[in-house]
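Worksheet for the structure shown next.
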Amino acid sequence: VTATRRAETAQEVPISLTPLSAEALERAHVIDITDVGFLAPNVQLQPVASLPGFATFSMRGIGVGANSIRTIDPTVQVLVDGMVVATQIAGQLDMFDYERIEILRGPQGIFFGRNSIAGAVSLSTGKPAEEFGGRAKFGVGSHGLLLGEATVEGAISDNVRGKLALQYRKFDGFFEDKNDGTFVPALYNPAGTEPGSPTQDQMAQDSFFIKPTITWTPTDALEITLYGQYYSDDGGSGMAQAIVDPDQAPLPLETLFGYTPSTDQFRPNNDLIGESETDMMQLVAEVNWEVGNGVLTSVTGVRDLEFNSSTDVDGTPFLLIHFPDNEEEASQFTQEVRYAMDLNESMDLILGAFYMDAEQKVIERREFTGLTAGRNHFDYNYIQSDWSQDVQSAAVFANWRYSFSDKWSTSLGVRYSRESKDLSLTPLLGCAGPGFTGCATEKTDFSETWSNTSPRATLEYQASSDVMYWLSWTRGFRSGNFNARAPSLAGVGPADPEQADQFELGLKGDFLDGTLRTNISLFYTVYEDIQRI
């Protein structure tokens, strides 16, 4: 693992982490990062209900809540091949062709410090092998599942190796909209009929994933690897379904619309068939150069994303509230440089710097009814917001490790971060119509800058070759945030930064001649200035 930005075995690292190899992911039938969350304690890697792929991750009780506000930074940082993923959209990453995953619990204030106040998930693609080879996997399943994967790799020349991995997945979804439920005459549905909404499968997926990887070794001391990804998905949106509890009083849905939903939880009846389109491209360049007594590493990343979606939020065959034709774009550039060196046999040092520039543009639309008695179709209201945000984050960090003896060692680290955000916002306001025309266009600009110093201190005791104890204190930081979905300009903010100090006592040990592995940690967190919407 590389939890401390150097290659070590997981049992040597004084951090609570869960490492997962490609073989472990295969055995667990992991599809995306949500499944990874079930394989580690105190980790929830779930999406928000209303939008597909929007990450609302949490670790050790620190998360962002169940909202999809794009201007709210994640508390759990995701890194793909060393590149920080700046936006939570398309955060439900596919787990295809990763050599290992490292789930790091607790604040990562030094090495993964860009707002990693709760933890980090690091995904690493394997580098191409020298020998020519490949593998293919094909599968079929229920609900129209079709899966195809193929990987080929090998030497292209004496010092160049390449790998190409492809995946195609098609899935009809678990939910089938057949206009089920019963209807009787009621105030807002005098005829007592089904409104004639469309019928089809819900939450389908049709995705294509391509990952090219090239490694060039011009000298024994220099290695350059390019990790590419392109992902396209045309599928369903988040899916809502109205339910009625027979032990409760009748809901307005029954009394006003005369509609009683099906008791089959996989048979919804929506008047808007939700859909989403995701297109993502990224490229990461990693350079490792042996210089002096250490290794100089540079990780440069770019990522572009487009995401469009429409969602039936009310989960009924009537238009109560829809999120139609939402549009967004996101792009980012990141650069990290670090130097890991051995000062002598008992001391080593890591020095580094980080920079990120991330831009996001979003149009959010809402369509909802103004109920009118005696009408099958209602007078609709339309509201829209239009905003863009630019985030610039910079940091410098250092970590010094010293071994007093074969058994005792300590680490001291610090990271200084500075983050600026510029938001240009037209809030959610009504449109003059018809539809989404005549919407407000006036922009209001917001700008703020925050800084933070996050330390970390660790004491390790290697009781034997198989047992290690550690005691640590780590500070995590999440910068201030704007609320781009606030109902008024006064509520946009910004919110102040939040901070978490975590104290941890841990044990990692192999017992009974290696047949029993026991990793235990006790942690106590002081969580201050918590941001909540």
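Residue names in the structure tokens use chain letters A, B, ... in the order shown, residue numbers from 1 in each chain, and ligand numbers from 1 in the order shown.
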Contacts of Glu364 of chain A at 8 Å or less, counting only C-alpha atoms, minus same-chain residues fewer than 5 places along, as a count of residues only? 8
Using only C-alpha atoms, which residues sit within 9 Å of Arg532 of chain A once same-chain residues fewer than 6 positions away are excluded, as an NGL selection string? :A and (64-65 or 495)
Quick one: residues within 12 Å of Met468 of chain A, only C-alpha atoms, excluding same-chain residues fewer than 4 positions away - as a list in words?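 Once the adjacent positions are removed, what remains is Ala10, Gln11, Glu12, Val13, Pro14, Ile15, Asp406, Lys407, Trp408, Ser409, Leu459, Glu460, Tyr461, Gln462, Ala463, Ser464, Leu505, Gly506, Leu507, Lys508, Gly509, Asp510, Phe511, Arg517, Thr518, Asn519, Ile520 and Ser521 of chain A.
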Save the residues we just selected, N, CA and C atoms, as a PDB file, in the first residue's frame?
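Once written, out_36.pdb looks like this:
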ATOM      1  N   ALA A  10       0.653  -3.393   4.329  1.00  0.00           N
ATOM      2  CA  ALA A  10      -0.427  -2.795   5.101  1.00  0.00           C
ATOM      3  C   ALA A  10      -0.221  -2.957   6.601  1.00  0.00           C
ATOM      4  N   GLN A  11       0.398  -4.067   7.012  1.00  0.00           N
ATOM      5  CA  GLN A  11       0.590  -4.322   8.439  1.00  0.00           C
ATOM      6  C   GLN A  11       1.688  -3.458   9.054  1.00  0.00           C
ATOM      7  N   GLU A  12       2.451  -2.753   8.250  1.00  0.00           N
ATOM      8  CA  GLU A  12       3.512  -1.882   8.756  1.00  0.00           C
ATOM      9  C   GLU A  12       3.062  -0.434   8.922  1.00  0.00           C
ATOM     10  N   VAL A  13       1.882  -0.088   8.399  1.00  0.00           N
ATOM     11  CA  VAL A  13       1.470   1.313   8.342  1.00  0.00           C
ATOM     12  C   VAL A  13       0.622   1.662   9.566  1.00  0.00           C
ATOM     13  N   PRO A  14       0.982   2.697  10.324  1.00  0.00           N
ATOM     14  CA  PRO A  14       0.213   3.080  11.520  1.00  0.00           C
ATOM     15  C   PRO A  14      -1.021   3.896  11.169  1.00  0.00           C
ATOM     16  N   ILE A  15      -1.850   3.346  10.338  1.00  0.00           N
ATOM     17  CA  ILE A  15      -3.094   3.973   9.897  1.00  0.00           C
ATOM     18  C   ILE A  15      -4.160   2.888   9.833  1.00  0.00           C
ATOM     19  N   ASP A 406      15.124  -0.585  17.032  1.00  0.00           N
ATOM     20  CA  ASP A 406      14.422  -1.558  16.200  1.00  0.00           C
ATOM     21  C   ASP A 406      12.949  -1.644  16.551  1.00  0.00           C
ATOM     22  N   LYS A 407      12.568  -1.171  17.731  1.00  0.00           N
ATOM     23  CA  LYS A 407      11.186  -1.300  18.181  1.00  0.00           C
ATOM     24  C   LYS A 407      10.419   0.014  18.201  1.00  0.00           C
ATOM     25  N   TRP A 408      11.060   1.115  18.472  1.00  0.00           N
ATOM     26  CA  TRP A 408      10.360   2.389  18.654  1.00  0.00           C
ATOM     27  C   TRP A 408      10.656   3.348  17.503  1.00  0.00           C
ATOM     28  N   SER A 409       9.623   4.026  17.029  1.00  0.00           N
ATOM     29  CA  SER A 409       9.800   5.058  15.995  1.00  0.00           C
ATOM     30  C   SER A 409       8.679   6.081  16.123  1.00  0.00           C
ATOM     31  N   LEU A 459       3.345   7.663  17.229  1.00  0.00           N
ATOM     32  CA  LEU A 459       4.340   6.887  17.959  1.00  0.00           C
ATOM     33  C   LEU A 459       4.062   5.412  17.691  1.00  0.00           C
ATOM     34  N   GLU A 460       5.099   4.683  17.231  1.00  0.00           N
ATOM     35  CA  GLU A 460       4.940   3.273  16.885  1.00  0.00           C
ATOM     36  C   GLU A 460       5.825   2.407  17.780  1.00  0.00           C
ATOM     37  N   TYR A 461       5.282   1.241  18.116  1.00  0.00           N
ATOM     38  CA  TYR A 461       6.049   0.256  18.879  1.00  0.00           C
ATOM     39  C   TYR A 461       5.928  -1.094  18.193  1.00  0.00           C
ATOM     40  N   GLN A 462       7.050  -1.614  17.667  1.00  0.00           N
ATOM     41  CA  GLN A 462       7.099  -2.910  17.002  1.00  0.00           C
ATOM     42  C   GLN A 462       7.443  -3.959  18.043  1.00  0.00           C
ATOM     43  N   ALA A 463       6.404  -4.551  18.647  1.00  0.00           N
ATOM     44  CA  ALA A 463       6.623  -5.505  19.728  1.00  0.00           C
ATOM     45  C   ALA A 463       7.361  -6.742  19.251  1.00  0.00           C
ATOM     46  N   SER A 464       7.067  -7.172  18.028  1.00  0.00           N
ATOM     47  CA  SER A 464       7.744  -8.317  17.417  1.00  0.00           C
ATOM     48  C   SER A 464       7.622  -8.156  15.915  1.00  0.00           C
ATOM     49  N   LEU A 505      -5.604   4.806  18.967  1.00  0.00           N
ATOM     50  CA  LEU A 505      -4.731   3.779  19.513  1.00  0.00           C
ATOM     51  C   LEU A 505      -5.002   2.501  18.733  1.00  0.00           C
ATOM     52  N   GLY A 506      -3.943   1.909  18.158  1.00  0.00           N
ATOM     53  CA  GLY A 506      -4.157   0.779  17.274  1.00  0.00           C
ATOM     54  C   GLY A 506      -3.204  -0.372  17.493  1.00  0.00           C
ATOM     55  N   LEU A 507      -3.653  -1.537  17.039  1.00  0.00           N
ATOM     56  CA  LEU A 507      -2.867  -2.765  17.081  1.00  0.00           C
ATOM     57  C   LEU A 507      -3.014  -3.475  15.746  1.00  0.00           C
ATOM     58  N   LYS A 508      -1.886  -3.925  15.182  1.00  0.00           N
ATOM     59  CA  LYS A 508      -1.889  -4.788  14.007  1.00  0.00           C
ATOM     60  C   LYS A 508      -1.022  -5.992  14.322  1.00  0.00           C
ATOM     61  N   GLY A 509      -1.606  -7.191  14.202  1.00  0.00           N
ATOM     62  CA  GLY A 509      -0.844  -8.371  14.573  1.00  0.00           C
ATOM     63  C   GLY A 509      -1.257  -9.627  13.852  1.00  0.00           C
ATOM     64  N   ASP A 510      -0.275 -10.502  13.626  1.00  0.00           N
ATOM     65  CA  ASP A 510      -0.505 -11.844  13.103  1.00  0.00           C
ATOM     66  C   ASP A 510      -0.180 -12.840  14.217  1.00  0.00           C
ATOM     67  N   PHE A 511      -1.123 -13.764  14.456  1.00  0.00           N
ATOM     68  CA  PHE A 511      -0.981 -14.710  15.559  1.00  0.00           C
ATOM     69  C   PHE A 511      -1.207 -16.135  15.055  1.00  0.00           C
ATOM     70  N   ARG A 517      -5.171 -12.995  11.813  1.00  0.00           N
ATOM     71  CA  ARG A 517      -4.753 -11.591  11.727  1.00  0.00           C
ATOM     72  C   ARG A 517      -5.777 -10.738  12.455  1.00  0.00           C
ATOM     73  N   THR A 518      -5.305  -9.927  13.369  1.00  0.00           N
ATOM     74  CA  THR A 518      -6.185  -9.083  14.173  1.00  0.00           C
ATOM     75  C   THR A 518      -5.701  -7.639  14.110  1.00  0.00           C
ATOM     76  N   ASN A 519      -6.528  -6.770  13.536  1.00  0.00           N
ATOM     77  CA  ASN A 519      -6.252  -5.336  13.486  1.00  0.00           C
ATOM     78  C   ASN A 519      -7.343  -4.616  14.269  1.00  0.00           C
ATOM     79  N   ILE A 520      -6.955  -3.876  15.297  1.00  0.00           N
ATOM     80  CA  ILE A 520      -7.905  -3.211  16.184  1.00  0.00           C
ATOM     81  C   ILE A 520      -7.503  -1.746  16.320  1.00  0.00           C
ATOM     82  N   SER A 521      -8.502  -0.860  16.317  1.00  0.00           N
ATOM     83  CA  SER A 521      -8.220   0.545  16.594  1.00  0.00           C
ATOM     84  C   SER A 521      -9.330   1.135  17.444  1.00  0.00           C
TER      85      SER A 521
END
For Leu351 of chain A, which of A:Val414, A:Ala28, A:Ile224, A:Ile62 is the closest residue, counting only C-alpha atoms?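 Using only C-alpha atoms, Leu351 of chain A sits closest to A:Val414.
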If you count only C-alpha atoms, the residue of A:Thr182, A:Tyr380, A:Asp466, A:Ser420 closest to Ala432 of chain A turns out to be A:Tyr380
One decimal, in Å: what's the spacing between atom CA of Lys178 of chain A and atom CA of Gly315 of chain A? 13.4 Å
If you count only C-alpha atoms, which residues fall within 10 Å of Asp35 of chain A, apart from same-chain ones fewer than 2 positions away, as a PyMOL selection string? chain A and resi 25+28-33+37-40+44-46+92+94-95
Out of A:Ala66, A:Ile101, A:Met59, A:Leu296, which residue has the shortest atom-to-atom distance to Ser116 of chain A when counting only C-alpha atoms?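 With only C-alpha atoms as the atom set, the closest residue is A:Met59.
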Would you list the contacts of segment 148-165 of chain A as number ranges by chain, taking every protein, DNA or RNA residue within 10 Å and counting only C-alpha atoms, but skipping same-chain residues closer than 4 positions in sequence? A: 96-97, 126-140, 169-170, 208-220, 223-229
Nearest-residue call for Arg338 of chain A, choices A:Glu286, A:Asp234, A:Asp496, A:Glu528, using only C-alpha atoms: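 With only C-alpha atoms as the atom set, the closest residue is A:Glu286.
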Let me make sure I understand: among A:Gly258, A:Pro41, A:Gly493, A:Gly53, which one has the smallest atom-to-atom distance to Leu104 of chain A if we use only C-alpha atoms?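 For Leu104 of chain A, the nearest of the candidates is A:Pro41.
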Would you kindly return, as a PDB file with C-alpha atoms, in the first residue's frame, each protein, DNA or RNA residue with an atom no farther than 12 Å from any atom of Thr426 of chain A, considering only C-alpha atoms and excluding same-chain residues fewer than 2 positions away?
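Okay, this is what ended up in part-v7.pdb:
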ATOM      1  CA  LYS A 361     -21.145  24.676 -14.313  1.00  0.00           C
ATOM      2  CA  VAL A 362     -24.642  23.541 -13.357  1.00  0.00           C
ATOM      3  CA  ILE A 363     -28.218  24.248 -14.459  1.00  0.00           C
ATOM      4  CA  GLU A 364     -30.781  22.824 -12.038  1.00  0.00           C
ATOM      5  CA  ARG A 365     -34.453  22.721 -13.045  1.00  0.00           C
ATOM      6  CA  ILE A 383     -37.978  27.238 -11.389  1.00  0.00           C
ATOM      7  CA  GLN A 384     -34.340  27.201 -12.469  1.00  0.00           C
ATOM      8  CA  SER A 385     -30.902  28.012 -11.101  1.00  0.00           C
ATOM      9  CA  ASP A 386     -27.752  28.598 -13.113  1.00  0.00           C
ATOM     10  CA  TRP A 387     -24.341  28.789 -11.506  1.00  0.00           C
ATOM     11  CA  SER A 388     -20.633  28.209 -11.999  1.00  0.00           C
ATOM     12  CA  GLN A 389     -17.873  27.766  -9.440  1.00  0.00           C
ATOM     13  CA  LEU A 423     -19.190  31.351  -7.227  1.00  0.00           C
ATOM     14  CA  SER A 424     -21.367  33.094  -9.822  1.00  0.00           C
ATOM     15  CA  LEU A 428     -33.576  28.868  -7.895  1.00  0.00           C
ATOM     16  CA  LEU A 429     -36.217  31.360  -9.073  1.00  0.00           C
ATOM     17  CA  GLY A 430     -39.488  31.096 -10.945  1.00  0.00           C
ATOM     18  CA  CYS A 439     -36.070  32.454 -16.327  1.00  0.00           C
ATOM     19  CA  ALA A 440     -33.921  34.793 -14.276  1.00  0.00           C
ATOM     20  CA  THR A 441     -30.447  35.409 -15.659  1.00  0.00           C
ATOM     21  CA  GLU A 442     -28.938  37.955 -13.280  1.00  0.00           C
ATOM     22  CA  LYS A 443     -25.800  36.616 -11.593  1.00  0.00           C
ATOM     23  CA  THR A 444     -24.488  37.391  -8.120  1.00  0.00           C
ATOM     24  CA  ASP A 445     -20.803  36.792  -7.432  1.00  0.00           C
ATOM     25  CA  PHE A 446     -19.399  35.352  -4.208  1.00  0.00           C
ATOM     26  CA  ASN A 483     -24.804  26.643  -0.805  1.00  0.00           C
ATOM     27  CA  ALA A 484     -25.755  27.068  -4.462  1.00  0.00           C
ATOM     28  CA  ARG A 485     -29.254  25.705  -3.748  1.00  0.00           C
ATOM     29  CA  ALA A 486     -30.144  28.233  -1.068  1.00  0.00           C
ATOM     30  CA  PRO A 487     -33.664  29.675  -1.461  1.00  0.00           C
ATOM     31  CA  SER A 488     -32.291  33.216  -1.144  1.00  0.00           C
ATOM     32  CA  LEU A 489     -28.985  34.987  -1.655  1.00  0.00           C
ATOM     33  CA  VAL A 492     -25.706  31.151   0.088  1.00  0.00           C
TER      34      VAL A 492
END
So the first atom is atom CA of Gly480 of chain A and the second is atom CA of Ser122 of chain A; what is the distance between them in Å, to one decimal place?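 Spanning atom CA of Gly480 of chain A to atom CA of Ser122 of chain A is a straight-line distance of 23.9 Å.
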